[in-house]
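Asks: For reference, the file input39.txt (compact mmCIF, C-alpha atoms (C1' of nucleotides)) is included below:
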```txt
# COMPACT_ATOMS: atom_id res chain seq x y z
CA MET A 1 0.00 0.00 0.00
CA GLY A 2 2.42 2.68 -1.16
CA ILE A 3 -0.43 4.78 -2.44
CA VAL A 4 -0.90 6.78 0.74
CA GLU A 5 2.83 7.36 0.99
CA ARG A 6 3.06 8.55 -2.59
CA ARG A 7 0.17 10.93 -2.00
CA GLU A 8 1.79 12.33 1.09
CA ARG A 9 5.06 12.75 -0.73
CA LEU A 10 3.26 14.63 -3.49
CA LYS A 11 1.47 16.81 -0.96
CA LYS A 12 4.72 17.72 0.71
CA GLN A 13 6.20 18.50 -2.69
CA VAL A 14 3.36 20.82 -3.68
CA ARG A 15 3.45 22.53 -0.30
CA ASN A 16 7.13 23.26 -0.70
CA ASP A 17 6.55 24.43 -4.27
CA ILE A 18 4.00 26.94 -3.00
CA LEU A 19 6.39 28.30 -0.38
CA LYS A 20 9.29 28.44 -2.81
CA THR A 21 7.21 30.11 -5.51
CA ALA A 22 6.04 32.77 -3.08
CA ARG A 23 9.64 33.53 -2.14
CA ASP A 24 10.72 33.53 -5.79
CA ILE A 25 8.06 36.02 -6.85
CA ALA A 26 8.87 38.19 -3.83
CA ARG A 27 12.54 38.22 -4.68
CA GLU A 28 11.75 39.23 -8.25
CA ASP A 29 8.90 41.70 -7.80
CA GLY A 30 8.69 42.37 -4.07
CA TRP A 31 6.03 41.10 -1.66
CA GLN A 32 3.51 43.52 -3.10
CA GLY A 33 3.67 41.43 -6.26
CA VAL A 34 2.95 38.12 -4.56
CA SER A 35 -0.62 36.94 -5.11
CA ILE A 36 -2.38 33.61 -4.69
CA ARG A 37 -3.25 33.63 -8.37
CA LYS A 38 0.35 34.17 -9.48
CA ILE A 39 1.58 31.37 -7.22
CA ALA A 40 -1.12 29.09 -8.61
CA ASP A 41 -0.06 30.01 -12.14
CA VAL A 42 3.55 29.01 -11.51
CA ILE A 43 2.81 25.70 -9.80
CA GLU A 44 0.23 24.99 -12.52
CA TYR A 45 -2.75 24.57 -10.28
CA SER A 46 -5.90 26.61 -9.82
CA PRO A 47 -5.97 29.19 -7.00
CA PRO A 48 -8.25 27.25 -4.62
CA ILE A 49 -5.72 24.44 -4.40
CA ILE A 50 -3.45 26.65 -2.32
CA TYR A 51 -6.14 26.73 0.35
CA GLU A 52 -5.79 22.97 0.71
CA TYR A 53 -2.32 23.62 2.07
CA PHE A 54 -2.69 26.96 3.87
CA ASP A 55 -5.74 28.41 5.56
CA SER A 56 -4.97 31.85 4.18
CA LYS A 57 -2.29 33.96 2.55
CA ASP A 58 -1.46 35.23 6.01
CA LYS A 59 -0.78 31.70 7.29
CA LEU A 60 1.35 31.03 4.23
CA LEU A 61 3.56 34.03 5.00
CA GLU A 62 3.64 33.05 8.67
CA THR A 63 5.06 29.69 7.62
CA ILE A 64 7.81 31.40 5.63
CA ARG A 65 8.56 33.58 8.65
CA MET A 66 8.76 30.57 10.94
CA GLU A 67 11.03 28.64 8.62
CA GLY A 68 13.26 31.71 8.40
CA PHE A 69 13.65 31.90 12.15
CA ASP A 70 14.20 28.15 12.33
CA GLU A 71 17.03 28.36 9.83
CA LEU A 72 18.64 31.24 11.70
CA ARG A 73 18.38 29.54 15.08
CA GLY A 74 19.86 26.37 13.61
CA GLY A 75 22.87 28.42 12.62
CA PHE A 76 23.13 29.89 16.11
CA ASP A 77 23.14 26.42 17.64
CA ARG A 78 25.95 25.33 15.34
CA ILE A 79 27.99 28.41 16.22
CA LYS A 80 27.53 27.66 19.90
CA GLU A 81 29.01 24.23 19.36
CA VAL A 82 31.92 25.32 17.19
CA TYR A 83 33.23 28.24 19.24
CA ARG A 84 34.00 28.39 22.93
CA ASP A 85 34.44 32.10 23.56
CA PRO A 86 31.07 33.84 24.03
CA GLU A 87 32.43 37.04 22.48
CA LYS A 88 33.49 35.15 19.36
CA GLN A 89 30.13 33.37 19.36
CA LEU A 90 28.21 36.62 19.35
CA VAL A 91 30.35 38.07 16.56
CA GLU A 92 29.63 34.98 14.50
CA VAL A 93 25.91 35.13 15.28
CA ALA A 94 25.83 38.75 14.13
CA GLN A 95 27.62 37.80 10.94
CA SER A 96 25.25 34.93 10.23
CA ILE A 97 22.25 37.22 10.59
CA TRP A 98 23.82 39.66 8.18
CA ASN A 99 24.60 36.93 5.66
CA PHE A 100 21.07 35.63 5.92
CA SER A 101 19.66 39.06 5.13
CA VAL A 102 21.89 39.36 2.09
CA GLU A 103 21.21 35.87 0.78
CA GLN A 104 17.48 35.78 1.50
CA PRO A 105 16.30 39.37 1.79
CA GLU A 106 12.74 38.42 0.88
CA VAL A 107 12.54 36.00 3.82
CA PHE A 108 14.02 38.59 6.16
CA GLN A 109 11.32 41.00 5.01
CA VAL A 110 8.55 38.59 5.95
CA MET A 111 10.22 37.88 9.27
CA PHE A 112 10.03 41.57 10.19
CA ASN A 113 6.99 42.78 8.26
CA GLN A 114 9.01 44.94 5.92
CA GLU A 115 8.71 46.32 2.41
CA GLY A 116 5.11 45.34 1.85
CA ALA A 117 5.24 41.95 3.55
CA PHE A 118 2.80 41.67 6.40
CA VAL A 119 1.76 38.92 8.80
CA GLN A 120 -0.89 39.73 11.36
CA SER A 121 0.14 37.38 14.14
CA LYS A 122 3.07 38.03 16.47
CA LYS A 123 3.11 34.43 17.66
CA VAL A 124 6.46 33.56 16.08
CA TYR A 125 8.16 36.47 17.84
CA GLN A 126 6.90 35.25 21.18
CA GLN A 127 8.44 31.85 20.52
CA GLU A 128 11.63 33.33 19.18
CA LEU A 129 12.16 35.87 21.93
CA ASP A 130 11.44 33.21 24.53
CA LEU A 131 14.45 32.90 26.78
CA THR A 132 14.32 29.25 27.83
CA GLY A 133 17.13 27.42 26.12
CA ASN A 134 17.74 30.23 23.68
CA PRO A 135 21.30 29.93 22.34
CA VAL A 136 21.97 33.65 22.01
CA TRP A 137 20.53 34.40 25.44
CA GLU A 138 22.99 31.89 26.89
CA MET A 139 25.90 33.45 25.06
CA ILE A 140 25.06 36.83 26.53
CA ALA A 141 24.57 35.29 29.97
CA ARG A 142 28.05 33.81 29.79
CA LEU A 143 29.38 37.22 28.86
CA ARG A 144 27.66 38.88 31.81
CA PRO A 145 27.71 36.16 34.45
CA LYS A 146 26.72 38.40 37.34
CA ALA A 147 24.12 40.44 35.54
CA GLY A 148 21.12 38.37 36.66
CA GLU A 149 17.86 39.56 35.21
CA LYS A 150 19.63 42.29 33.27
CA VAL A 151 20.71 39.59 30.85
CA SER A 152 17.23 39.54 29.39
CA MET A 153 17.35 43.26 28.82
CA THR A 154 20.71 42.94 27.14
CA TYR A 155 19.33 40.12 25.04
CA TYR A 156 16.53 42.38 23.83
CA GLU A 157 19.07 45.09 23.07
CA TRP A 158 20.97 42.55 21.01
CA TRP A 159 17.86 41.81 18.99
CA CYS A 160 17.28 45.49 18.30
CA LEU A 161 20.90 46.10 17.43
CA THR A 162 21.27 43.26 14.94
CA TYR A 163 17.82 43.02 13.42
CA GLY A 164 17.21 46.75 13.71
CA PHE A 165 20.42 47.64 11.94
CA ILE A 166 19.61 45.37 9.03
CA SER A 167 15.94 46.39 8.97
CA ILE A 168 16.80 50.06 8.69
CA THR A 169 19.45 49.35 6.08
CA MET A 170 17.08 47.22 4.05
CA THR A 171 14.34 49.82 4.25
CA THR A 172 16.32 52.99 3.67
CA GLN A 173 19.19 51.88 1.45
CA PRO A 174 19.33 50.63 -2.13
CA LYS A 175 20.56 47.07 -2.55
CA HIS A 176 24.02 48.04 -3.73
CA ALA A 177 24.71 49.94 -0.50
CA PHE A 178 24.74 46.77 1.60
CA ALA A 179 28.43 46.11 1.04
CA LYS A 180 29.32 49.61 2.18
CA VAL A 181 27.20 49.33 5.32
CA GLU A 182 28.51 45.94 6.46
CA PRO A 183 31.66 47.28 8.17
CA ILE A 184 29.55 49.83 10.04
CA TYR A 185 27.36 47.00 11.26
CA ARG A 186 30.37 44.95 12.39
CA GLU A 187 31.83 47.92 14.19
CA GLY A 188 28.51 48.55 15.92
CA VAL A 189 28.27 44.94 17.03
CA ARG A 190 31.87 44.99 18.26
CA ARG A 191 31.30 48.17 20.24
CA PHE A 192 28.11 46.80 21.75
CA ILE A 193 29.81 43.62 22.92
CA ARG A 194 32.65 45.62 24.44
CA SER A 195 30.20 47.92 26.19
CA ILE A 196 28.40 45.09 27.97
CA MET A 197 31.48 43.10 28.99
CA MET B 1 -11.56 88.56 -6.82
CA GLY B 2 -11.56 86.39 -3.68
CA ILE B 3 -12.86 83.44 -5.64
CA VAL B 4 -9.46 82.00 -6.49
CA GLU B 5 -8.33 82.39 -2.91
CA ARG B 6 -11.41 80.72 -1.54
CA ARG B 7 -10.89 77.84 -3.94
CA GLU B 8 -7.28 77.42 -2.94
CA ARG B 9 -8.21 77.49 0.72
CA LEU B 10 -10.78 74.78 0.11
CA LYS B 11 -8.29 72.71 -1.83
CA LYS B 12 -5.76 72.88 0.96
CA GLN B 13 -8.48 71.90 3.41
CA VAL B 14 -9.54 68.86 1.41
CA ARG B 15 -5.92 67.82 0.92
CA ASN B 16 -5.32 67.90 4.64
CA ASP B 17 -8.55 66.02 5.26
CA ILE B 18 -7.36 63.26 2.96
CA LEU B 19 -4.04 62.95 4.76
CA LYS B 20 -5.65 63.07 8.19
CA THR B 21 -8.29 60.51 7.25
CA ALA B 22 -5.66 58.12 5.95
CA ARG B 23 -3.77 58.37 9.24
CA ASP B 24 -6.98 58.00 11.26
CA ILE B 25 -8.02 54.83 9.47
CA ALA B 26 -4.50 53.45 9.80
CA ARG B 27 -4.47 54.11 13.51
CA GLU B 28 -7.80 52.36 13.91
CA ASP B 29 -7.47 49.40 11.53
CA GLY B 30 -3.81 49.37 10.43
CA TRP B 31 -2.45 50.37 7.04
CA GLN B 32 -3.85 47.22 5.50
CA GLY B 33 -7.26 48.72 6.12
CA VAL B 34 -6.58 52.03 4.39
CA SER B 35 -8.19 52.23 0.96
CA ILE B 36 -8.95 55.07 -1.40
CA ARG B 37 -12.65 54.27 -1.19
CA LYS B 38 -12.71 54.38 2.60
CA ILE B 39 -10.92 57.71 2.63
CA ALA B 40 -13.38 59.04 0.06
CA ASP B 41 -16.26 57.82 2.19
CA VAL B 42 -15.06 59.71 5.24
CA ILE B 43 -14.35 63.00 3.47
CA GLU B 44 -17.70 62.62 1.67
CA TYR B 45 -16.39 62.71 -1.86
CA SER B 46 -16.23 60.09 -4.59
CA PRO B 47 -12.98 58.11 -4.91
CA PRO B 48 -11.62 59.79 -8.08
CA ILE B 49 -11.47 63.13 -6.27
CA ILE B 50 -8.47 61.91 -4.32
CA TYR B 51 -6.56 61.69 -7.58
CA GLU B 52 -6.96 65.42 -8.02
CA TYR B 53 -4.75 65.83 -4.97
CA PHE B 54 -2.39 62.86 -5.21
CA ASP B 55 -1.14 61.06 -8.31
CA SER B 56 -1.50 57.72 -6.59
CA LYS B 57 -1.95 56.04 -3.24
CA ASP B 58 1.79 55.61 -3.17
CA LYS B 59 2.36 59.37 -3.47
CA LEU B 60 -0.20 59.97 -0.76
CA LEU B 61 1.71 57.74 1.64
CA GLU B 62 4.99 59.33 0.56
CA THR B 63 3.55 62.69 1.61
CA ILE B 64 2.69 61.33 5.04
CA ARG B 65 6.20 59.94 5.33
CA MET B 66 7.75 63.28 4.35
CA GLU B 67 5.62 65.23 6.79
CA GLY B 68 6.61 62.78 9.50
CA PHE B 69 10.30 63.34 8.91
CA ASP B 70 9.72 67.09 8.72
CA GLU B 71 8.05 67.09 12.10
CA LEU B 72 10.83 65.03 13.64
CA ARG B 73 13.60 67.19 12.18
CA GLY B 74 11.81 70.31 13.41
CA GLY B 75 12.01 68.87 16.90
CA PHE B 76 15.72 68.13 16.47
CA ASP B 77 16.37 71.72 15.46
CA ARG B 78 14.59 72.99 18.52
CA ILE B 79 16.58 70.65 20.77
CA LYS B 80 19.78 71.93 19.22
CA GLU B 81 18.82 75.46 20.15
CA VAL B 82 17.66 74.71 23.68
CA TYR B 83 20.57 72.56 24.91
CA ARG B 84 24.28 73.26 24.68
CA ASP B 85 25.81 69.90 25.59
CA PRO B 86 25.90 67.56 22.58
CA GLU B 87 25.47 64.53 24.85
CA LYS B 88 22.32 66.03 26.33
CA GLN B 89 21.16 66.97 22.84
CA LEU B 90 21.45 63.40 21.61
CA VAL B 91 19.63 62.03 24.63
CA GLU B 92 16.81 64.47 23.95
CA VAL B 93 16.75 63.58 20.26
CA ALA B 94 16.47 59.91 21.12
CA GLN B 95 13.64 60.68 23.52
CA SER B 96 11.77 62.75 20.95
CA ILE B 97 11.97 59.93 18.41
CA TRP B 98 10.59 57.53 20.99
CA ASN B 99 7.76 59.89 21.91
CA PHE B 100 6.92 60.36 18.26
CA SER B 101 6.63 56.62 17.74
CA VAL B 102 4.31 56.31 20.73
CA GLU B 103 2.13 59.27 19.81
CA GLN B 104 1.96 58.64 16.07
CA PRO B 105 2.77 54.98 15.51
CA GLU B 106 0.90 54.92 12.22
CA VAL B 107 3.09 57.70 10.81
CA PHE B 108 6.22 55.96 12.06
CA GLN B 109 5.07 52.84 10.22
CA VAL B 110 4.78 54.68 6.93
CA MET B 111 8.16 56.31 7.50
CA PHE B 112 9.81 52.90 7.73
CA ASN B 113 7.57 50.70 5.59
CA GLN B 114 6.30 48.71 8.51
CA GLU B 115 3.23 46.70 9.40
CA GLY B 116 1.66 46.72 5.97
CA ALA B 117 2.53 50.28 5.05
CA PHE B 118 4.62 50.49 1.91
CA VAL B 119 6.02 53.32 -0.19
CA GLN B 120 8.05 52.38 -3.26
CA SER B 121 10.38 55.35 -3.45
CA LYS B 122 13.39 55.81 -1.18
CA LYS B 123 13.72 59.48 -2.10
CA VAL B 124 12.77 60.80 1.34
CA TYR B 125 15.49 58.71 3.00
CA GLN B 126 18.09 60.18 0.68
CA GLN B 127 17.03 63.66 1.72
CA GLU B 128 16.82 62.76 5.37
CA LEU B 129 20.13 60.92 5.59
CA ASP B 130 21.82 63.76 3.74
CA LEU B 131 24.56 65.13 5.92
CA THR B 132 24.70 68.78 4.89
CA GLY B 133 23.29 70.89 7.68
CA ASN B 134 21.74 67.89 9.41
CA PRO B 135 21.20 68.74 13.07
CA VAL B 136 21.90 65.29 14.46
CA TRP B 137 25.00 64.86 12.32
CA GLU B 138 26.34 68.06 13.81
CA MET B 139 25.62 66.92 17.35
CA ILE B 140 27.62 63.75 16.76
CA ALA B 141 30.39 65.71 15.08
CA ARG B 142 30.68 67.90 18.18
CA LEU B 143 30.86 64.77 20.30
CA ARG B 144 33.66 63.31 18.18
CA PRO B 145 35.58 66.38 17.05
CA LYS B 146 38.60 64.48 15.76
CA ALA B 147 36.76 61.64 14.11
CA GLY B 148 36.69 63.14 10.60
CA GLU B 149 34.85 61.01 8.10
CA LYS B 150 34.01 58.46 10.77
CA VAL B 151 31.35 60.87 11.97
CA SER B 152 29.17 59.87 9.04
CA MET B 153 29.50 56.22 9.96
CA THR B 154 28.60 57.02 13.54
CA TYR B 155 25.67 59.03 12.30
CA TYR B 156 24.40 56.01 10.38
CA GLU B 157 24.86 53.84 13.46
CA TRP B 158 22.77 56.37 15.37
CA TRP B 159 19.98 56.00 12.83
CA CYS B 160 20.04 52.24 13.11
CA LEU B 161 20.16 52.32 16.89
CA THR B 162 17.24 54.69 17.40
CA TYR B 163 14.96 53.86 14.50
CA GLY B 164 15.97 50.20 14.50
CA PHE B 165 15.20 49.77 18.17
CA ILE B 166 11.74 51.25 17.77
CA SER B 167 11.09 49.42 14.51
CA ILE B 168 11.86 46.06 16.03
CA THR B 169 9.82 46.88 19.12
CA MET B 170 6.88 48.02 17.05
CA THR B 171 7.04 44.94 14.86
CA THR B 172 7.67 42.26 17.45
CA GLN B 173 5.96 43.58 20.56
CA PRO B 174 2.31 44.18 21.42
CA LYS B 175 1.38 47.79 22.08
CA HIS B 176 1.27 47.46 25.85
CA ALA B 177 4.91 46.37 25.97
CA PHE B 178 6.18 49.78 24.87
CA ALA B 179 6.33 51.16 28.39
CA LYS B 180 8.42 48.21 29.54
CA VAL B 181 10.84 48.55 26.65
CA GLU B 182 11.44 52.29 26.98
CA PRO B 183 14.07 52.04 29.75
CA ILE B 184 15.95 49.43 27.73
CA TYR B 185 15.98 51.85 24.81
CA ARG B 186 17.26 54.70 26.97
CA GLU B 187 19.95 52.51 28.44
CA GLY B 188 21.01 51.45 24.94
CA VAL B 189 21.18 55.05 23.77
CA ARG B 190 23.14 56.04 26.86
CA ARG B 191 25.63 53.24 26.37
CA PHE B 192 26.04 54.06 22.70
CA ILE B 193 26.79 57.71 23.41
CA ARG B 194 29.33 56.73 26.07
CA SER B 195 30.96 54.27 23.69
CA ILE B 196 31.61 56.88 21.00
CA MET B 197 32.80 59.64 23.29
C1' DT C 1 -30.11 83.59 -19.94
C1' DT C 2 -26.68 81.39 -22.34
C1' DA C 3 -21.96 79.81 -23.00
C1' DT C 4 -17.82 78.33 -20.92
C1' DT C 5 -15.07 76.48 -17.56
C1' DT C 6 -14.41 73.89 -13.46
C1' DT C 7 -15.70 70.34 -10.38
C1' DT C 8 -17.58 65.99 -9.34
C1' DT C 9 -19.38 61.48 -10.10
C1' DT C 10 -20.90 57.20 -12.44
C1' DA C 11 -19.31 53.24 -14.47
C1' DA C 12 -15.98 50.35 -15.83
C1' DC C 13 -11.39 47.61 -15.96
C1' DA C 14 -8.27 44.45 -14.21
C1' DG C 15 -6.64 42.42 -10.31
C1' DC C 16 -7.00 40.81 -5.38
C1' DG C 17 -8.22 36.91 -1.39
C1' DT C 18 -11.50 33.61 -0.63
C1' DT C 19 -15.65 30.31 -0.93
C1' DT C 20 -18.99 27.22 -3.11
C1' DG C 21 -20.74 23.41 -6.08
C1' DG C 22 -19.85 20.39 -8.91
C1' DA C 23 -16.76 18.11 -12.42
C1' DA C 24 -13.01 15.10 -13.06
C1' DA C 25 -9.83 11.84 -11.73
C1' DA C 26 -8.17 8.20 -8.85
C1' DC C 27 -9.11 4.50 -6.17
C1' DC C 28 -11.42 0.34 -4.15
C1' DT C 29 -14.51 -3.54 -4.66
C1' DA C 30 -16.88 -7.13 -6.95
C1' DT D 1 -13.38 -5.05 -16.46
C1' DA D 2 -17.61 -2.36 -14.39
C1' DG D 3 -19.68 0.15 -10.89
C1' DG D 4 -19.47 2.71 -6.80
C1' DT D 5 -16.81 5.54 -3.60
C1' DT D 6 -13.53 8.68 -2.35
C1' DT D 7 -10.35 12.08 -3.28
C1' DT D 8 -8.63 15.76 -5.99
C1' DC D 9 -9.37 19.65 -8.51
C1' DC D 10 -11.33 23.80 -10.86
C1' DA D 11 -14.84 27.23 -12.96
C1' DA D 12 -17.42 30.72 -11.36
C1' DA D 13 -18.72 33.99 -8.28
C1' DC D 14 -18.52 37.54 -4.22
C1' DG D 15 -16.92 41.65 -2.49
C1' DC D 16 -12.97 43.97 -2.19
C1' DT D 17 -8.83 46.90 -4.31
C1' DG D 18 -6.35 51.10 -7.24
C1' DT D 19 -7.17 53.64 -11.15
C1' DT D 20 -9.15 55.78 -15.48
C1' DA D 21 -12.52 57.71 -19.10
C1' DA D 22 -16.45 59.92 -20.05
C1' DA D 23 -20.48 62.03 -18.78
C1' DA D 24 -23.05 64.80 -15.55
C1' DA D 25 -23.43 68.58 -12.46
C1' DA D 26 -22.16 72.84 -10.64
C1' DA D 27 -19.98 77.25 -10.72
C1' DT D 28 -18.50 81.08 -13.18
C1' DA D 29 -18.39 84.47 -17.07
C1' DA D 30 -20.50 86.90 -20.83
```
Can I see the file as structure tokens?

Replies:
Amino acid sequence: MGIVERRERLKKQVRNDILKTARDIAREDGWQGVSIRKIADVIEYSPPIIYEYFDSKDKLLETIRMEGFDELRGGFDRIKEVYRDPEKQLVEVAQSIWNFSVEQPEVFQVMFNQEGAFVQSKKVYQQELDLTGNPVWEMIARLRPKAGEKVSMTYYEWWCLTYGFISITMTTQPKHAFAKVEPIYREGVRRFIRSIM
Amino acid sequence: MGIVERRERLKKQVRNDILKTARDIAREDGWQGVSIRKIADVIEYSPPIIYEYFDSKDKLLETIRMEGFDELRGGFDRIKEVYRDPEKQLVEVAQSIWNFSVEQPEVFQVMFNQEGAFVQSKKVYQQELDLTGNPVWEMIARLRPKAGEKVSMTYYEWWCLTYGFISITMTTQPKHAFAKVEPIYREGVRRFIRSIM
DNA sequence: TTATTTTTTTAACAGCGTTTGGAAAACCTA
DNA sequence: TAGGTTTTCCAAACGCTGTTAAAAAAATAA
């Protein structure tokens, strides 16, 4: 009875095609240009089919946001294993966020409701900012061992520094300016780490 | 011949009504809920009338963005006159940005393409980030008198710190969390100023 | 009052997210 | 293989959206 398995495989395939197509169109024309009908066109199905996989366009974008954060956090975990020094870890985390935003700007935009992308729910942020077992929170805690509950404040500052820097750059600067801004970002991160040590 | 004057007065009035109505709807229902037809409904005209005042919805939002930056910069200029100490000036600038984002979140969202608001053009940013005669740039220059061309980098960092912090807060946090985050913002600003002095 | 100019609106176009009802295809059973 | 059942899929429609063209209405000038 491989029929059920084949069907499930196909379903997974189509679901991924929908997500990928949405990202592709967004990369090409911006999130303003992403519509259910255009996605359906590309995957060669009729529009209603997409609703078999996602309750709404909003949920579809929320999935892309979630996968984006998952990918980032996976990278953070790897960094935590590879490097010992918490300062080095944080520098690497900052760099991986920057690289992510350069390589997948359209995903970054969904993650932070930028440039026409918009997801109603803030659920993913709640999960992502949650402190229990968060790799970056632990890095900061190791850097400020006596800081106690101030670690959480510093962790939030870290979020605003890294994501905020890139958000503002992405929103206010043309694409070609990213290379010029990167050293400013690194310097800012470096200074921040020094200032909390 | 007061006819022409009366007409121009009326035109200015209607134009302001359009802008105000757009902001009002955005505050109530978010920028996703702002449509030409709804604005027309409120100002009691038919939709095409709006196109006598703005070439497109995009231009309408761009106007709101521009007015937002104008208001902010006006505040910066006043701060520059009132306080002597550049450190104090920057603290006050940071506070005025924060207050602005609390009092007019919907305008802040248009200014930085957040939460469903989206303006294509980046023209206003070019003007606003322009360094010649910029009040905040001059405050930072006075704080780092020997820094030379690094002042411009620091100025960009300042942008990312202040606007980025609020952007991330506005995007990831519910409204009621703003009060809790404010001290973290102030602390971040304070630390940044110290770190560049 | 009539002619001219200005202002305003009606109606339409193409596109959007989403839902419904039924057609088509795939599958199971005999 | 044939008939019945289940699953998959889509055409059509609803009420929105930004925007435009042309006609109607109003205001002004002669």

Asks: Please report as a list in words which residues of chain C come no farther than 10 Å from chain A, using only C-alpha atoms (C1' of nucleotides).

Replies: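 Applying the cut-off to the listed atoms yields DG15, DC16, DG17, DT18, DT19 and DC27 of chain C.
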
Asks: What separation in Å, quoted to one decimal, exists between CA of Arg191 (chain B) and CA of Met197 (chain A)?

Replies: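 Separation of CA of Arg191 (chain B) and CA of Met197 (chain A): 12.0 Å.
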
Asks: What is the distance between CA of Ile168 (chain A) and CA of Val102 (chain A), in Å to one decimal?

Replies: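 Distance between the two atoms: 13.6 Å.
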
Asks: Which residues of chain D sit at most 12 Å from chain A, using all atoms listed in the file? Give each one's shortest atom pair and distance in Å (one decimal place), in chain and ascending residue order, as JSON lines.

Replies:
```
{"residue": "D:DT7", "atom": "C1'", "partner": "A:Arg7", "partner_atom": "CA", "distance": 10.7}
{"residue": "D:DT8", "atom": "C1'", "partner": "A:Ile49", "partner_atom": "CA", "distance": 9.3}
{"residue": "D:DC9", "atom": "C1'", "partner": "A:Ile49", "partner_atom": "CA", "distance": 7.3}
{"residue": "D:DC10", "atom": "C1'", "partner": "A:Ser46", "partner_atom": "CA", "distance": 6.2}
{"residue": "D:DA11", "atom": "C1'", "partner": "A:Ser46", "partner_atom": "CA", "distance": 9.5}
{"residue": "D:DA12", "atom": "C1'", "partner": "A:Pro48", "partner_atom": "CA", "distance": 11.9}
```

Asks: Can you tell me how far CA of Glu103 (chain B) sits from CA of Lys175 (chain B), in Å to one decimal?

Replies: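 Interatomic distance here is 11.7 Å.
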
Asks: Looking at all atoms listed in the file, which of C:DA11, C:DA3, C:DA25, C:DA30 is the one that sits closest to DT20 (chain D)?

Replies: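 Looking at the shortest contact to DT20 (chain D), the residue is C:DA11.
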
Asks: Counting only C-alpha atoms (C1' of nucleotides), which residues come within 8 Å of (28.0, 31.9, 22.7), with the point read in the file's coordinates, and could you list them as a ChimeraX atom specification?

Replies: /A:79-80,83-90,135-136,138-140,142
